[in-house]
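See below for the structure under consideration.
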Amino acid sequence: MGNFFKKLIICEVARVQSWDISKDVRPMYEAAEKRLNDHLTETIGLVPKLMMPGNFARDLFSSAKVDFFLALVPEEDRKNNLAEVLGIFRNLRTVYRAHHPEAEDVSTFKQRAVEMGRLLLTNFSYAGWPNYLHKIIEHVQEIIEDPEGPGTIDSLSGEGNEAANKLFRDLRGHFARKHDEAQALRDIIWFHWLYTSPKLRRISHLGSLCILFSSSEGMSSTFFPDRSINTGLLEELA
């Protein structure tokens with residue numbers, strides 16, 4: 001998320017309301033980036049070009065330093081809007097990075113995340129959202145509160161995100177139709193659901209599966225010894 005907000009700040013400094021940095025706006029964008037880097041070096045001693053993204057994000061999301069990052073945004077109202085978004089995200093970040101977040105903070109997480117998304121759409125509609133942002137808004141509270149879930153949000157890490165990208169590449173290469181892009185995307189989403197569905201994961205942990213072969217009908221029938229499990233499966237998959 002550090003790269004997302006850094007690009008957003010640079011676009012605001014350059015007054016370039018386009019997420020696609022085309023040839024027409026690239027000189028303005030690069031000039032604004034240099035101004036921001038020089039400003040951060042002069043004021044708080046940061047050298048962004050030499051910093052790892054994680055270290056840059058740590059300073060960007062620090063309440064004590066955020067004013068330095070926004071100082072070059074020329075329009076005061078847009079600066080305030082961006083500061084508000086960063087403030088909400090800073091609070092969300094504290095929650096989802098905590099080992100044991102407070103239940104009250106978790107219960108209001110999605111509400112605050114949706115508010116942040118609304119502010120972004122209202123004031124910075126040109127910004128292209130990374131998949132991290134979607135995960136934060138839509139899934140963090142669900143993951144933390146799920147009693148059968150992992151209780152963590154490791155999927156938001158860079159390693160988890162790269163693993164998901166690798167899975168999608170494998171599904172696209174081996175299980176998706178090649179002649180139609182829309183159908184290929186449908187295949188990828190379908191197989192990804194089969195791979196990650198919580199319902200299917202729960203079913204996989206049910207009782208031992210028994211297979212009886214009916215010689216008279218020449219076909220097999222599958223059932224669980226406990227009839228209540230069979231009924232539950234049918235209701236859950238319906």
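Residue numbering restarts at 1 in every chain; chains get A, B, ... in the order shown in the structure tokens, and ligands count up from 1 in that same order.
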
(Q) Among region 5-200 of chain A, which ones does DSSP assign to helix (DSSP H, G or I) (computed from the backbone)? Answer as a PyMOL selection string. (A) chain A and resi 5-14+26-44+48-50+53-60+66-70+76-96+103-107+109-123+131-138+140-145+154-156+158-174+181-196+198-200

For region 35-39 of chain A, please output as a PDB file with N, CA and C atoms, in the first residue's frame all residues within 8 Å (counting only C-alpha atoms; exclusion window: fewer than 4 positions along the same chain).
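Ended up saving to result_3.pdb:
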```pdb
ATOM      1  N   ILE A  10       2.259  11.745  -5.423  1.00  0.00           N
ATOM      2  CA  ILE A  10       3.003  12.335  -6.539  1.00  0.00           C
ATOM      3  C   ILE A  10       2.045  12.884  -7.591  1.00  0.00           C
ATOM      4  N   ALA A  31       8.980  15.029 -12.559  1.00  0.00           N
ATOM      5  CA  ALA A  31       9.426  16.260 -11.895  1.00  0.00           C
ATOM      6  C   ALA A  31       8.839  16.350 -10.487  1.00  0.00           C
ATOM      7  N   THR A  43      13.950  17.699   4.631  1.00  0.00           N
ATOM      8  CA  THR A  43      13.177  17.959   5.851  1.00  0.00           C
ATOM      9  C   THR A  43      13.317  16.870   6.906  1.00  0.00           C
ATOM     10  N   LEU A  46      15.034  11.538   4.682  1.00  0.00           N
ATOM     11  CA  LEU A  46      14.754  10.303   3.950  1.00  0.00           C
ATOM     12  C   LEU A  46      15.343  10.381   2.548  1.00  0.00           C
ATOM     13  N   VAL A  47      15.821   9.238   2.071  1.00  0.00           N
ATOM     14  CA  VAL A  47      16.298   9.145   0.692  1.00  0.00           C
ATOM     15  C   VAL A  47      15.473   8.052   0.020  1.00  0.00           C
ATOM     16  N   PRO A  48      14.292   8.412  -0.526  1.00  0.00           N
ATOM     17  CA  PRO A  48      13.365   7.395  -1.043  1.00  0.00           C
ATOM     18  C   PRO A  48      13.976   6.438  -2.055  1.00  0.00           C
ATOM     19  N   LYS A  49      14.893   6.932  -2.894  1.00  0.00           N
ATOM     20  CA  LYS A  49      15.471   6.066  -3.920  1.00  0.00           C
ATOM     21  C   LYS A  49      16.268   4.916  -3.318  1.00  0.00           C
ATOM     22  N   PHE A  69       5.060  14.477   4.014  1.00  0.00           N
ATOM     23  CA  PHE A  69       4.764  13.831   2.738  1.00  0.00           C
ATOM     24  C   PHE A  69       3.715  14.605   1.944  1.00  0.00           C
ATOM     25  N   LEU A  72       3.749  19.243  -0.204  1.00  0.00           N
ATOM     26  CA  LEU A  72       3.839  19.797  -1.556  1.00  0.00           C
ATOM     27  C   LEU A  72       2.539  19.698  -2.342  1.00  0.00           C
TER      28      LEU A  72
END
```

Q. For Val73 (chain A), which of A:Glu12, A:Asp20, A:Glu145, A:Asp187 is the closest residue, counting only C-alpha atoms?
A.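 Counting only C-alpha atoms, the residue closest to Val73 (chain A) is A:Glu12.
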
Q: Point out the residue among A:Phe109, A:Phe168, A:Phe4, A:Tyr132 with the least atom-to-atom distance to Ile144 (chain A), counting only C-alpha atoms.
A: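 Looking only at the distances to Ile144 (chain A), the closest residue turns out to be A:Phe109.
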
Q.
I'd like the contact shell of Met116 (chain A) - 7 Å cut-off, only C-alpha atoms, skipping same-chain residues fewer than 3 positions apart - returned as an MDAnalysis selection string.
A. chainID A and resid 85 88 112:113 119:120

Q | Counting only C-alpha atoms, the option among A:Leu8, A:Ala71, A:Ala98, A:Ala32 closest to Ser125 (chain A) | A |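 Counting only C-alpha atoms, the residue closest to Ser125 (chain A) is A:Leu8.
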
Q: Point out the residue among A:Thr94, A:Ser63, A:Asn80, A:Thr41 with the least atom-to-atom distance to Asn123 (chain A), counting only C-alpha atoms.
A: A:Asn80

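Using only C-alpha atoms, the contacts of Leu171 (chain A) at a cut-off of 9 Å, with sequence neighbours closer than 5 positions omitted, comprise A:Lys166, A:Ala176, A:Asp187, A:Ile188, A:Ile189, A:Phe191, A:His192.
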
For the residues in that selection, give me N, CA and C atoms as a short mmCIF file (atom, residue, chain, number, x, y, z; two decimals), in the first residue's frame.
```
data_model
loop_
_atom_site.label_atom_id
_atom_site.label_comp_id
_atom_site.auth_asym_id
_atom_site.auth_seq_id
_atom_site.Cartn_x
_atom_site.Cartn_y
_atom_site.Cartn_z
N LYS A 166 0.67 -16.62 -8.55
CA LYS A 166 1.19 -17.86 -9.15
C LYS A 166 0.06 -18.85 -9.39
N ALA A 176 -7.85 -23.05 -18.14
CA ALA A 176 -8.72 -22.06 -18.76
C ALA A 176 -8.74 -22.23 -20.27
N ASP A 187 -13.42 -19.52 -16.24
CA ASP A 187 -12.81 -20.78 -15.81
C ASP A 187 -11.87 -20.56 -14.62
N ILE A 188 -11.07 -19.50 -14.69
CA ILE A 188 -10.11 -19.23 -13.61
C ILE A 188 -10.85 -18.98 -12.30
N ILE A 189 -11.89 -18.14 -12.35
CA ILE A 189 -12.64 -17.83 -11.13
C ILE A 189 -13.32 -19.09 -10.59
N PHE A 191 -12.42 -22.34 -10.97
CA PHE A 191 -11.47 -23.25 -10.36
C PHE A 191 -10.88 -22.66 -9.09
N HIS A 192 -10.71 -21.34 -9.07
CA HIS A 192 -10.20 -20.70 -7.85
C HIS A 192 -11.20 -20.87 -6.71
#
```

**Q.** Spatial neighbours of Ser62 (chain A), max dist 12 Å, only C-alpha atoms, sep filter under 6 positions, as a list in words
**A.** Gly2, Asn55, Phe56, Phe68, Phe69, Ala83, Leu86, Gly87, Phe89, Arg90, Asn91, Arg93 and Thr94 of chain A

Q) In terms of the shortest atom-to-atom distance over only C-alpha atoms, which of A:Phe61, A:Trp193, A:Tyr96, A:Phe124 is closest to Asn81 (chain A)? A)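 Under the stated criterion, the closest residue is A:Phe124.
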
Q: One decimal, Å: what's the distance from CA of Asp170 (chain A) over to CA of Lys135 (chain A), could you say?
A: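 One can read the CA of Asp170 (chain A) to CA of Lys135 (chain A) distance as 21.2 Å.
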